[in-house]
$ cat run_39.pdb   # PDB, C-alpha atoms, pLDDT in the B column
MODEL        1
ATOM      1  CA  MET A   1      -2.757  13.797  -7.431  1.00 97.00           C
ATOM      2  CA  LEU A   2      -0.808  11.217  -9.369  1.00 98.00           C
ATOM      3  CA  LEU A   3      -1.666   7.656  -8.437  1.00 98.00           C
ATOM      4  CA  ARG A   4       0.329   4.727  -9.815  1.00 98.00           C
ATOM      5  CA  PHE A   5      -0.232   1.025  -9.229  1.00 98.00           C
ATOM      6  CA  LEU A   6       3.199  -0.589  -9.293  1.00 98.00           C
ATOM      7  CA  GLY A   7       1.514  -3.971  -8.921  1.00 98.00           C
ATOM      8  CA  THR A   8      -2.025  -5.227  -8.406  1.00 98.00           C
ATOM      9  CA  GLY A   9      -1.731  -8.954  -7.690  1.00 98.00           C
ATOM     10  CA  SER A  10      -1.899 -11.035  -4.547  1.00 96.00           C
ATOM     11  CA  ALA A  11       0.778 -13.547  -3.558  1.00 94.00           C
ATOM     12  CA  PHE A  12      -0.942 -16.079  -5.870  1.00 94.00           C
ATOM     13  CA  THR A  13      -1.954 -14.040  -8.922  1.00 95.00           C
ATOM     14  CA  PRO A  14      -0.366 -15.492 -12.088  1.00 94.00           C
ATOM     15  CA  GLY A  15       1.370 -13.079 -14.437  1.00 95.00           C
ATOM     16  CA  ARG A  16       1.014 -10.004 -12.215  1.00 96.00           C
ATOM     17  CA  MET A  17       3.272  -8.049  -9.918  1.00 98.00           C
ATOM     18  CA  PHE A  18       2.596  -7.867  -6.203  1.00 98.00           C
ATOM     19  CA  SER A  19       0.307  -5.134  -4.898  1.00 98.00           C
ATOM     20  CA  SER A  20       2.071  -1.791  -4.360  1.00 98.00           C
ATOM     21  CA  VAL A  21       0.992   1.856  -4.728  1.00 98.00           C
ATOM     22  CA  LEU A  22       2.896   5.073  -5.429  1.00 98.00           C
ATOM     23  CA  LEU A  23       1.466   8.546  -4.744  1.00 98.00           C
ATOM     24  CA  ASN A  24       2.879  11.596  -6.534  1.00 98.00           C
ATOM     25  CA  ASP A  25       6.009   9.552  -7.363  1.00 98.00           C
ATOM     26  CA  ARG A  26       7.205  10.183  -3.813  1.00 98.00           C
ATOM     27  CA  VAL A  27       5.101   8.141  -1.357  1.00 98.00           C
ATOM     28  CA  LEU A  28       5.437   4.357  -1.664  1.00 98.00           C
ATOM     29  CA  ILE A  29       2.859   2.159   0.051  1.00 98.00           C
ATOM     30  CA  ASP A  30       3.757  -1.502   0.527  1.00 98.00           C
ATOM     31  CA  PRO A  31       7.180  -1.874  -1.131  1.00 98.00           C
ATOM     32  CA  SER A  32       6.578  -5.303  -2.657  1.00 98.00           C
ATOM     33  CA  PRO A  33       9.406  -7.451  -4.106  1.00 98.00           C
ATOM     34  CA  THR A  34       8.350  -6.390  -7.605  1.00 98.00           C
ATOM     35  CA  SER A  35       8.051  -2.671  -6.856  1.00 98.00           C
ATOM     36  CA  PRO A  36      11.686  -1.875  -7.856  1.00 98.00           C
ATOM     37  CA  VAL A  37      11.025  -3.555 -11.224  1.00 98.00           C
ATOM     38  CA  ALA A  38       7.856  -1.509 -11.712  1.00 98.00           C
ATOM     39  CA  LEU A  39       9.689   1.721 -10.882  1.00 98.00           C
ATOM     40  CA  LYS A  40      12.224   0.917 -13.609  1.00 97.00           C
ATOM     41  CA  TYR A  41       9.465   0.215 -16.127  1.00 97.00           C
ATOM     42  CA  LEU A  42       7.929   3.602 -15.345  1.00 97.00           C
ATOM     43  CA  GLY A  43      11.250   5.446 -15.380  1.00 97.00           C
ATOM     44  CA  ILE A  44      10.883   6.653 -11.800  1.00 97.00           C
ATOM     45  CA  PRO A  45      14.177   6.872  -9.883  1.00 97.00           C
ATOM     46  CA  THR A  46      14.144   5.071  -6.551  1.00 97.00           C
ATOM     47  CA  GLY A  47      15.959   8.037  -5.025  1.00 96.00           C
ATOM     48  CA  ALA A  48      12.903  10.235  -5.555  1.00 96.00           C
ATOM     49  CA  ILE A  49      10.950   8.345  -2.889  1.00 98.00           C
ATOM     50  CA  HIS A  50      10.858  10.138   0.453  1.00 97.00           C
ATOM     51  CA  THR A  51       8.157   8.238   2.407  1.00 98.00           C
ATOM     52  CA  VAL A  52       7.363   4.522   2.672  1.00 98.00           C
ATOM     53  CA  LEU A  53       4.328   3.100   4.467  1.00 98.00           C
ATOM     54  CA  VAL A  54       4.098  -0.637   5.197  1.00 98.00           C
ATOM     55  CA  THR A  55       0.643  -2.004   6.068  1.00 98.00           C
ATOM     56  CA  HIS A  56       1.831  -5.363   7.409  1.00 98.00           C
ATOM     57  CA  MET A  57       4.915  -7.519   7.470  1.00 98.00           C
ATOM     58  CA  HIS A  58       4.076 -10.180   4.901  1.00 98.00           C
ATOM     59  CA  GLY A  59       6.766 -10.718   2.263  1.00 98.00           C
ATOM     60  CA  ASP A  60       4.651  -9.669  -0.709  1.00 98.00           C
ATOM     61  CA  HIS A  61       4.117  -6.291   0.977  1.00 98.00           C
ATOM     62  CA  PHE A  62       7.558  -5.336   2.299  1.00 98.00           C
ATOM     63  CA  MET A  63      10.264  -7.546   0.803  1.00 98.00           C
ATOM     64  CA  GLY A  64      11.119  -4.988  -1.859  1.00 98.00           C
ATOM     65  CA  LEU A  65      13.004  -3.004   0.771  1.00 98.00           C
ATOM     66  CA  PRO A  66      16.262  -5.041   0.574  1.00 98.00           C
ATOM     67  CA  PHE A  67      16.375  -4.413  -3.197  1.00 98.00           C
ATOM     68  CA  LEU A  68      15.528  -0.746  -2.747  1.00 98.00           C
ATOM     69  CA  LEU A  69      18.268  -0.472  -0.116  1.00 98.00           C
ATOM     70  CA  LEU A  70      20.721  -1.895  -2.620  1.00 96.00           C
ATOM     71  CA  HIS A  71      19.714   0.802  -5.130  1.00 97.00           C
ATOM     72  CA  TRP A  72      19.780   3.581  -2.546  1.00 97.00           C
ATOM     73  CA  HIS A  73      23.286   2.573  -1.430  1.00 97.00           C
ATOM     74  CA  TYR A  74      24.995   1.801  -4.751  1.00 96.00           C
ATOM     75  CA  ARG A  75      23.126   3.459  -7.613  1.00 95.00           C
ATOM     76  CA  ASP A  76      20.479   5.996  -6.663  1.00 96.00           C
ATOM     77  CA  PRO A  77      20.980   7.742  -3.299  1.00 95.00           C
ATOM     78  CA  PRO A  78      17.771   9.257  -1.912  1.00 94.00           C
ATOM     79  CA  GLU A  79      17.270  12.989  -2.067  1.00 86.00           C
ATOM     80  CA  ARG A  80      16.951  12.957   1.716  1.00 92.00           C
ATOM     81  CA  SER A  81      16.679  10.389   4.496  1.00 96.00           C
ATOM     82  CA  ILE A  82      13.634   8.240   3.715  1.00 98.00           C
ATOM     83  CA  GLU A  83      10.926   7.920   6.362  1.00 98.00           C
ATOM     84  CA  ILE A  84       9.677   4.323   6.645  1.00 98.00           C
ATOM     85  CA  TYR A  85       6.597   3.670   8.786  1.00 98.00           C
ATOM     86  CA  THR A  86       5.793   0.096   9.790  1.00 98.00           C
ATOM     87  CA  PRO A  87       3.715  -1.845  12.312  1.00 98.00           C
ATOM     88  CA  VAL A  88       5.401  -2.721  15.592  1.00 98.00           C
ATOM     89  CA  GLY A  89       8.252  -5.151  14.944  1.00 97.00           C
ATOM     90  CA  GLY A  90       8.788  -3.891  11.416  1.00 98.00           C
ATOM     91  CA  GLU A  91      12.345  -2.604  11.765  1.00 98.00           C
ATOM     92  CA  LYS A  92      13.669  -5.962  12.984  1.00 98.00           C
ATOM     93  CA  ALA A  93      11.926  -7.753  10.102  1.00 98.00           C
ATOM     94  CA  ILE A  94      13.357  -5.347   7.508  1.00 98.00           C
ATOM     95  CA  LEU A  95      16.917  -5.678   8.798  1.00 98.00           C
ATOM     96  CA  LYS A  96      16.630  -9.473   8.916  1.00 98.00           C
ATOM     97  CA  ALA A  97      15.287  -9.550   5.352  1.00 98.00           C
ATOM     98  CA  ALA A  98      18.120  -7.314   4.135  1.00 97.00           C
ATOM     99  CA  GLU A  99      20.766  -9.466   5.807  1.00 97.00           C
ATOM    100  CA  LEU A 100      19.307 -12.689   4.378  1.00 97.00           C
ATOM    101  CA  SER A 101      19.035 -11.150   0.908  1.00 97.00           C
ATOM    102  CA  TYR A 102      22.513  -9.588   0.820  1.00 97.00           C
ATOM    103  CA  PRO A 103      24.777 -10.800   3.645  1.00 97.00           C
ATOM    104  CA  ASN A 104      26.925  -8.037   5.169  1.00 96.00           C
ATOM    105  CA  LEU A 105      25.131  -5.284   3.228  1.00 95.00           C
ATOM    106  CA  ILE A 106      23.888  -3.666   6.438  1.00 95.00           C
ATOM    107  CA  GLU A 107      27.484  -3.347   7.642  1.00 94.00           C
ATOM    108  CA  LYS A 108      28.394  -1.351   4.525  1.00 94.00           C
ATOM    109  CA  VAL A 109      25.400   0.960   4.472  1.00 96.00           C
ATOM    110  CA  ASP A 110      25.013   4.251   6.285  1.00 94.00           C
ATOM    111  CA  LEU A 111      21.458   3.513   7.353  1.00 95.00           C
ATOM    112  CA  LYS A 112      21.039   6.795   9.213  1.00 92.00           C
ATOM    113  CA  ARG A 113      21.672   8.643   5.962  1.00 95.00           C
ATOM    114  CA  ILE A 114      19.409   6.422   3.864  1.00 97.00           C
ATOM    115  CA  TRP A 115      16.373   5.850   6.088  1.00 97.00           C
ATOM    116  CA  ARG A 116      14.674   6.229   9.421  1.00 97.00           C
ATOM    117  CA  VAL A 117      12.303   3.427  10.420  1.00 98.00           C
ATOM    118  CA  ARG A 118       9.452   4.397  12.717  1.00 98.00           C
ATOM    119  CA  GLU A 119       7.095   1.816  14.154  1.00 98.00           C
ATOM    120  CA  VAL A 120       3.534   3.038  14.595  1.00 98.00           C
ATOM    121  CA  SER A 121       0.381   1.504  16.055  1.00 98.00           C
ATOM    122  CA  PRO A 122      -3.351   1.909  15.281  1.00 98.00           C
ATOM    123  CA  GLY A 123      -4.669   5.213  16.573  1.00 98.00           C
ATOM    124  CA  LYS A 124      -1.379   6.976  15.900  1.00 98.00           C
ATOM    125  CA  LYS A 125      -1.514  10.329  14.091  1.00 98.00           C
ATOM    126  CA  PHE A 126       1.634  11.888  12.677  1.00 98.00           C
ATOM    127  CA  THR A 127       2.943  14.313  10.085  1.00 98.00           C
ATOM    128  CA  THR A 128       5.732  13.241   7.744  1.00 98.00           C
ATOM    129  CA  GLY A 129       8.740  15.376   6.937  1.00 95.00           C
ATOM    130  CA  SER A 130       7.060  16.423   3.693  1.00 94.00           C
ATOM    131  CA  GLY A 131       4.017  17.682   5.609  1.00 97.00           C
ATOM    132  CA  MET A 132       1.639  14.796   4.819  1.00 98.00           C
ATOM    133  CA  LYS A 133      -0.728  14.017   7.683  1.00 98.00           C
ATOM    134  CA  VAL A 134      -1.323  10.331   8.394  1.00 98.00           C
ATOM    135  CA  GLU A 135      -3.663   8.458  10.712  1.00 98.00           C
ATOM    136  CA  VAL A 136      -3.286   4.717  11.367  1.00 98.00           C
ATOM    137  CA  PHE A 137      -6.263   2.336  11.608  1.00 98.00           C
ATOM    138  CA  GLU A 138      -6.319  -1.273  12.775  1.00 98.00           C
ATOM    139  CA  MET A 139      -7.057  -3.831  10.077  1.00 98.00           C
ATOM    140  CA  ASP A 140      -7.849  -7.546  10.484  1.00 98.00           C
ATOM    141  CA  HIS A 141      -5.399  -9.813   8.674  1.00 98.00           C
ATOM    142  CA  ALA A 142      -4.018 -13.242   9.555  1.00 96.00           C
ATOM    143  CA  SER A 143      -3.645 -12.524  13.288  1.00 96.00           C
ATOM    144  CA  ILE A 144      -0.621 -10.255  12.750  1.00 97.00           C
ATOM    145  CA  PRO A 145      -0.315  -6.485  13.272  1.00 98.00           C
ATOM    146  CA  ALA A 146      -1.968  -5.001  10.183  1.00 98.00           C
ATOM    147  CA  GLN A 147      -2.986  -1.413   9.620  1.00 98.00           C
ATOM    148  CA  GLY A 148      -4.445   0.912   7.081  1.00 98.00           C
ATOM    149  CA  CYS A 149      -3.296   4.495   6.589  1.00 98.00           C
ATOM    150  CA  LEU A 150      -5.449   7.555   5.977  1.00 98.00           C
ATOM    151  CA  MET A 151      -3.404  10.317   4.363  1.00 98.00           C
ATOM    152  CA  GLU A 152      -4.135  13.956   3.626  1.00 98.00           C
ATOM    153  CA  LEU A 153      -2.599  14.804   0.278  1.00 96.00           C
ATOM    154  CA  ASP A 154      -3.374  17.515  -2.299  1.00 96.00           C
ATOM    155  CA  GLY A 155      -6.573  18.450  -0.477  1.00 97.00           C
ATOM    156  CA  LEU A 156      -7.899  14.863  -0.513  1.00 98.00           C
ATOM    157  CA  THR A 157      -8.075  12.084   2.067  1.00 98.00           C
ATOM    158  CA  VAL A 158      -6.598   8.847   0.713  1.00 98.00           C
ATOM    159  CA  GLY A 159      -7.159   5.586   2.566  1.00 98.00           C
ATOM    160  CA  VAL A 160      -5.058   2.494   1.839  1.00 98.00           C
ATOM    161  CA  THR A 161      -6.062  -0.697   3.614  1.00 98.00           C
ATOM    162  CA  GLY A 162      -3.423  -3.274   2.751  1.00 98.00           C
ATOM    163  CA  ASP A 163      -4.795  -6.787   3.272  1.00 98.00           C
ATOM    164  CA  THR A 164      -7.800  -7.016   5.552  1.00 98.00           C
ATOM    165  CA  ASP A 165     -11.062  -8.676   6.402  1.00 98.00           C
ATOM    166  CA  LEU A 166     -14.160  -6.633   7.130  1.00 98.00           C
ATOM    167  CA  CYS A 167     -13.560  -4.888  10.464  1.00 98.00           C
ATOM    168  CA  PRO A 168     -14.386  -1.683  12.402  1.00 98.00           C
ATOM    169  CA  GLY A 169     -11.090  -0.015  11.446  1.00 98.00           C
ATOM    170  CA  LEU A 170     -11.825  -0.529   7.766  1.00 98.00           C
ATOM    171  CA  GLU A 171     -15.359   0.832   8.161  1.00 98.00           C
ATOM    172  CA  ASP A 172     -14.111   3.905  10.020  1.00 98.00           C
ATOM    173  CA  MET A 173     -11.378   4.669   7.500  1.00 98.00           C
ATOM    174  CA  ALA A 174     -13.736   4.125   4.554  1.00 98.00           C
ATOM    175  CA  GLU A 175     -16.200   6.676   5.917  1.00 97.00           C
ATOM    176  CA  ARG A 176     -13.469   9.317   6.075  1.00 98.00           C
ATOM    177  CA  SER A 177     -11.832   8.679   2.677  1.00 98.00           C
ATOM    178  CA  ASP A 178     -12.306  10.619  -0.545  1.00 98.00           C
ATOM    179  CA  ILE A 179     -10.200   7.939  -2.256  1.00 98.00           C
ATOM    180  CA  LEU A 180     -10.097   4.391  -0.928  1.00 98.00           C
ATOM    181  CA  ILE A 181      -7.573   1.839  -2.184  1.00 98.00           C
ATOM    182  CA  THR A 182      -8.567  -1.536  -0.841  1.00 98.00           C
ATOM    183  CA  GLU A 183      -7.950  -5.172  -1.569  1.00 98.00           C
ATOM    184  CA  LEU A 184     -10.374  -7.530  -3.298  1.00 97.00           C
ATOM    185  CA  SER A 185      -8.632 -10.877  -3.143  1.00 96.00           C
ATOM    186  CA  SER A 186     -11.666 -12.781  -4.378  1.00 95.00           C
ATOM    187  CA  TRP A 187     -15.058 -11.960  -5.851  1.00 96.00           C
ATOM    188  CA  GLU A 188     -17.197 -15.046  -5.256  1.00 93.00           C
ATOM    189  CA  ARG A 189     -15.185 -16.923  -2.607  1.00 93.00           C
ATOM    190  CA  ASP A 190     -15.033 -15.702   0.992  1.00 93.00           C
ATOM    191  CA  ILE A 191     -11.370 -16.066   1.956  1.00 93.00           C
ATOM    192  CA  PRO A 192     -10.442 -15.539   5.621  1.00 95.00           C
ATOM    193  CA  SER A 193      -8.521 -12.324   6.313  1.00 97.00           C
ATOM    194  CA  HIS A 194      -9.426 -10.872   2.895  1.00 98.00           C
ATOM    195  CA  LEU A 195     -12.313  -9.105   1.148  1.00 98.00           C
ATOM    196  CA  SER A 196     -14.798 -10.556  -1.305  1.00 97.00           C
ATOM    197  CA  ARG A 197     -18.070  -9.586  -2.956  1.00 96.00           C
ATOM    198  CA  SER A 198     -20.212 -10.248   0.103  1.00 96.00           C
ATOM    199  CA  LYS A 199     -17.845  -8.377   2.410  1.00 97.00           C
ATOM    200  CA  LEU A 200     -17.637  -5.377   0.070  1.00 96.00           C
ATOM    201  CA  GLU A 201     -21.429  -5.276  -0.112  1.00 96.00           C
ATOM    202  CA  ALA A 202     -21.504  -5.206   3.691  1.00 97.00           C
ATOM    203  CA  LEU A 203     -18.999  -2.314   3.589  1.00 97.00           C
ATOM    204  CA  THR A 204     -21.005  -0.191   1.145  1.00 96.00           C
ATOM    205  CA  PRO A 205     -22.987   1.730   3.826  1.00 96.00           C
ATOM    206  CA  HIS A 206     -19.620   3.186   4.839  1.00 97.00           C
ATOM    207  CA  LEU A 207     -18.732   4.152   1.249  1.00 96.00           C
ATOM    208  CA  ARG A 208     -21.435   6.728   0.621  1.00 93.00           C
ATOM    209  CA  GLY A 209     -18.936   9.591   0.563  1.00 94.00           C
ATOM    210  CA  ILE A 210     -16.321   7.868  -1.575  1.00 96.00           C
ATOM    211  CA  LYS A 211     -15.314   9.716  -4.731  1.00 97.00           C
ATOM    212  CA  HIS A 212     -12.933   7.061  -6.081  1.00 98.00           C
ATOM    213  CA  LEU A 213     -12.736   3.392  -5.099  1.00 98.00           C
ATOM    214  CA  PHE A 214      -9.724   1.394  -6.320  1.00 98.00           C
ATOM    215  CA  LEU A 215      -9.714  -2.393  -5.964  1.00 98.00           C
ATOM    216  CA  THR A 216      -6.327  -4.072  -5.971  1.00 98.00           C
ATOM    217  CA  HIS A 217      -4.605  -7.233  -4.655  1.00 98.00           C
ATOM    218  CA  THR A 218      -6.941  -9.128  -6.985  1.00 97.00           C
ATOM    219  CA  GLU A 219      -6.567 -12.658  -8.314  1.00 91.00           C
ATOM    220  CA  ASP A 220      -9.423 -13.778 -10.585  1.00 85.00           C
ATOM    221  CA  ILE A 221     -11.791 -10.814 -10.732  1.00 92.00           C
ATOM    222  CA  PRO A 222     -14.377 -10.098 -13.482  1.00 95.00           C
ATOM    223  CA  ALA A 223     -13.385  -6.424 -13.601  1.00 95.00           C
ATOM    224  CA  GLN A 224     -16.243  -5.027 -15.678  1.00 95.00           C
ATOM    225  CA  SER A 225     -18.903  -6.951 -13.761  1.00 95.00           C
ATOM    226  CA  VAL A 226     -17.381  -5.832 -10.462  1.00 96.00           C
ATOM    227  CA  LYS A 227     -17.486  -2.170 -11.495  1.00 95.00           C
ATOM    228  CA  GLU A 228     -21.046  -2.348 -12.765  1.00 95.00           C
ATOM    229  CA  HIS A 229     -22.225  -4.169  -9.651  1.00 95.00           C
ATOM    230  CA  LEU A 230     -20.611  -1.791  -7.159  1.00 95.00           C
ATOM    231  CA  ARG A 231     -21.971   1.277  -8.958  1.00 91.00           C
ATOM    232  CA  LEU A 232     -25.394   0.121  -7.748  1.00 91.00           C
ATOM    233  CA  TYR A 233     -24.224   0.671  -4.192  1.00 92.00           C
ATOM    234  CA  ILE A 234     -21.875   3.670  -4.175  1.00 93.00           C
ATOM    235  CA  PRO A 235     -21.891   7.072  -5.909  1.00 91.00           C
ATOM    236  CA  GLY A 236     -18.167   7.307  -6.682  1.00 94.00           C
ATOM    237  CA  GLU A 237     -16.096   5.927  -9.522  1.00 96.00           C
ATOM    238  CA  VAL A 238     -14.930   2.304  -9.257  1.00 97.00           C
ATOM    239  CA  TYR A 239     -11.620   1.142 -10.732  1.00 98.00           C
ATOM    240  CA  VAL A 240      -9.942  -2.263 -11.069  1.00 97.00           C
ATOM    241  CA  PRO A 241      -6.430  -1.207 -12.125  1.00 98.00           C
ATOM    242  CA  ASN A 242      -3.782  -3.279 -13.867  1.00 97.00           C
ATOM    243  CA  ASP A 243      -0.067  -3.358 -13.152  1.00 98.00           C
ATOM    244  CA  LEU A 244       1.552   0.029 -13.959  1.00 98.00           C
ATOM    245  CA  SER A 245      -1.865   1.758 -14.312  1.00 98.00           C
ATOM    246  CA  THR A 246      -1.580   5.511 -13.720  1.00 98.00           C
ATOM    247  CA  TYR A 247      -4.396   7.880 -12.743  1.00 98.00           C
ATOM    248  CA  VAL A 248      -4.576  11.638 -12.297  1.00 98.00           C
ATOM    249  CA  ILE A 249      -7.118  12.559  -9.622  1.00 97.00           C
ATOM    250  CA  GLU A 250      -8.189  16.174  -9.213  1.00 90.00           C
TER     251      GLU A 250
ENDMDL
END
$ encode --input "run_39.pdb" --output "structure tokens"
Amino acid sequence: MLLRFLGTGSAFTPGRMFSSVLLNDRVLIDPSPTSPVALKYLGIPTGAIHTVLVTHMHGDHFMGLPFLLLHWHYRDPPERSIEIYTPVGGEKAILKAAELSYPNLIEKVDLKRIWRVREVSPGKKFTTGSGMKVEVFEMDHASIPAQGCLMELDGLTVGVTGDTDLCPGLEDMAERSDILITELSSWERDIPSHLSRSKLEALTPHLRGIKHLFLTHTEDIPAQSVKEHLRLYIPGEVYVPNDLSTYVIE
């Protein structure tokens, strides 16, 4: 499995791109406003993407879609109609964002050819057109619909949380993940609706089966200290990636 971090920052992280993840250069999770820039840096055509998963409808997690739509329409048509999965209300938010970003663009675009938006709720299980199995889990973030996705890909289960506080859905998904990609917005400070050192420590009983733990959406994190500390609690590898970091997981 090829795992790329198109961005690793929160909405407030100086000098970093917003958190966004790409699996096998085809599955984009949280299309942040900076994700099209990151794709260009890496030389990955936007038209290669066939699946997009949005964890919640905050701008730093989905507002790359108007820019991607521009590319898909004018410069880099997708290989096939892109499947976009969002929380309930996501399609309306995406169309509004696209219209505000580029007035009248929606009128020019053949949306049915470019994408299909499907709104999903926690507890939903589905299989994408490429055969990837996905299960949706409820996360706890800022009193809006927020959800993590557990995917079966290349013989591994990959959980991606998006932004979340400690909650039952996170615990359940963590227990079932070979690879968990979760946020760590702060290390020492407990920020509402986000994870921190104390909350991760509380989560560690549910991480006993984790093979690889990736911490993203970070702001001011002592990366080496974080990795050394968490290795006391969990058996798997711990990573604090940078923007454009790429990993090959077997």
$ residues_around --input "run_39.pdb" --residues "Ala202 (chain A)" --least-positions-apart "3" --cutoff "12 Å" --atoms "all atoms listed in the file" --output "number ranges by chain"
A: 165-168, 170-171, 195-199, 205-207, 230, 233-234
$ resolve_selection --input "run_39.pdb" --expression "the PyMOL selection byres ((chain A and resi 138) around 12)" --output "ChimeraX atom specification"
/A:55-56,87,120-124,135-137,139-141,143-150,160-173
$ residues_around --input "run_39.pdb" --residues "Ile49 (chain A)" --least-positions-apart "5" --cutoff "7 Å" --atoms "only C-alpha atoms" --output "VMD selection string"
chain A and resid 25 to 28 78
$ resolve_selection --input "run_39.pdb" --expression "the PyMOL selection byres ((chain A and resi 246) around 7)" --output "PDB file with C-alpha atoms, keeping the file's coordinate frame"
ATOM      1  CA  LEU A   3      -1.666   7.656  -8.437  1.00 98.00           C
ATOM      2  CA  ARG A   4       0.329   4.727  -9.815  1.00 98.00           C
ATOM      3  CA  PHE A   5      -0.232   1.025  -9.229  1.00 98.00           C
ATOM      4  CA  LEU A 244       1.552   0.029 -13.959  1.00 98.00           C
ATOM      5  CA  SER A 245      -1.865   1.758 -14.312  1.00 98.00           C
ATOM      6  CA  TYR A 247      -4.396   7.880 -12.743  1.00 98.00           C
ATOM      7  CA  VAL A 248      -4.576  11.638 -12.297  1.00 98.00           C
TER       8      VAL A 248
END
$ closest_residue --input "run_39.pdb" --among "A:Leu70, A:Lys92, A:Leu53, A:Glu119" --to "Val134 (chain A)" --atoms "all atoms listed in the file"
A:Leu53
$ residues_around --input "run_39.pdb" --residues "region 6-10 of chain A" --least-positions-apart "2" --cutoff "6 Å" --atoms "all atoms listed in the file" --output "JSON list (two decimals) with C-alpha atoms, in the frame of the given file"
[["chain", "number", "residue", "atom", "x", "y", "z"],
["A", 12, "PHE", "CA", -0.94, -16.08, -5.87],
["A", 13, "THR", "CA", -1.95, -14.04, -8.92],
["A", 16, "ARG", "CA", 1.01, -10.00, -12.22],
["A", 17, "MET", "CA", 3.27, -8.05, -9.92],
["A", 18, "PHE", "CA", 2.60, -7.87, -6.20],
["A", 19, "SER", "CA", 0.31, -5.13, -4.90],
["A", 20, "SER", "CA", 2.07, -1.79, -4.36],
["A", 21, "VAL", "CA", 0.99, 1.86, -4.73],
["A", 35, "SER", "CA", 8.05, -2.67, -6.86],
["A", 38, "ALA", "CA", 7.86, -1.51, -11.71],
["A", 216, "THR", "CA", -6.33, -4.07, -5.97],
["A", 217, "HIS", "CA", -4.61, -7.23, -4.66],
["A", 218, "THR", "CA", -6.94, -9.13, -6.98],
["A", 243, "ASP", "CA", -0.07, -3.36, -13.15],
["A", 244, "LEU", "CA", 1.55, 0.03, -13.96]]
$ closest_residue --input "run_39.pdb" --among "A:Arg80, A:Lys40, A:Lys108, A:Lys96" --to "Leu65 (chain A)" --atoms "all atoms listed in the file"
A:Lys96
$ resolve_selection --input "run_39.pdb" --expression "the PyMOL selection byres ((chain A and resi 114) around 9)" --output "list in words"
Leu69, Trp72, His73, Pro77, Pro78, Arg80, Ser81, Ile82, Glu83, Val109, Asp110, Leu111, Lys112, Arg113, Trp115 and Arg116 of chain A
$ atom_distance --input "run_39.pdb" --atom1 "CA of Lys211 (chain A)" --atom2 "CA of Pro235 (chain A)"
7.2 Å
$ closest_residue --input "run_39.pdb" --among "A:Leu23, A:Met57, A:Val37, A:Leu105" --to "Gly159 (chain A)" --atoms "only C-alpha atoms"
A:Leu23
$ closest_residue --input "run_39.pdb" --among "A:Glu99, A:Ala142, A:Ile179, A:Thr51" --to "Gly155 (chain A)" --atoms "all atoms listed in the file"
A:Ile179
$ atom_distance --input "run_39.pdb" --atom1 "CA of Met151 (chain A)" --atom2 "CA of Met132 (chain A)"
6.8 Å
$ residues_around --input "run_39.pdb" --residues "Ala223 (chain A)" --least-positions-apart "4" --cutoff "12 Å" --atoms "all atoms listed in the file" --output "list in words"
Leu184, Ser186, Trp187, Phe214, Leu215, Thr216, Thr218, Glu219, Lys227, Glu228, His229, Leu230, Val238, Tyr239, Val240, Pro241 and Asn242 of chain A
$ atom_distance --input "run_39.pdb" --atom1 "CA of Val158 (chain A)" --atom2 "CA of Gly129 (chain A)"
17.8 Å
$ closest_residue --input "run_39.pdb" --among "A:Thr127, A:Thr46, A:Ser32, A:Ser101" --to "Pro66 (chain A)" --atoms "all atoms listed in the file"
A:Ser101
$ build_atoms --input "run_39.pdb" --residues "region 73-83 of chain A" --atoms "N, CA and C atoms" --output "tab-separated table (two decimals), keeping the file's coordinate frame"
chain	number	residue	atom	x	y	z
A	73	HIS	N	21.88	2.55	-1.87
A	73	HIS	CA	23.29	2.57	-1.43
A	73	HIS	C	24.25	2.69	-2.61
A	74	TYR	N	24.01	1.90	-3.67
A	74	TYR	CA	25.00	1.80	-4.75
A	74	TYR	C	24.69	2.67	-5.97
A	75	ARG	N	23.46	2.87	-6.32
A	75	ARG	CA	23.13	3.46	-7.61
A	75	ARG	C	22.34	4.77	-7.55
A	76	ASP	N	21.43	4.89	-6.61
A	76	ASP	CA	20.48	6.00	-6.66
A	76	ASP	C	20.21	6.52	-5.26
A	77	PRO	N	21.15	7.25	-4.67
A	77	PRO	CA	20.98	7.74	-3.30
A	77	PRO	C	19.72	8.60	-3.17
A	78	PRO	N	18.99	8.46	-2.09
A	78	PRO	CA	17.77	9.26	-1.91
A	78	PRO	C	18.08	10.74	-1.77
A	79	GLU	N	17.10	11.54	-2.16
A	79	GLU	CA	17.27	12.99	-2.07
A	79	GLU	C	17.44	13.43	-0.62
A	80	ARG	N	16.79	12.71	0.28
A	80	ARG	CA	16.95	12.96	1.72
A	80	ARG	C	16.64	11.64	2.43
A	81	SER	N	16.93	11.60	3.72
A	81	SER	CA	16.68	10.39	4.50
A	81	SER	C	15.21	9.97	4.37
A	82	ILE	N	14.98	8.73	3.99
A	82	ILE	CA	13.63	8.24	3.72
A	82	ILE	C	12.96	7.85	5.03
A	83	GLU	N	11.72	8.28	5.20
A	83	GLU	CA	10.93	7.92	6.36
A	83	GLU	C	10.15	6.64	6.04
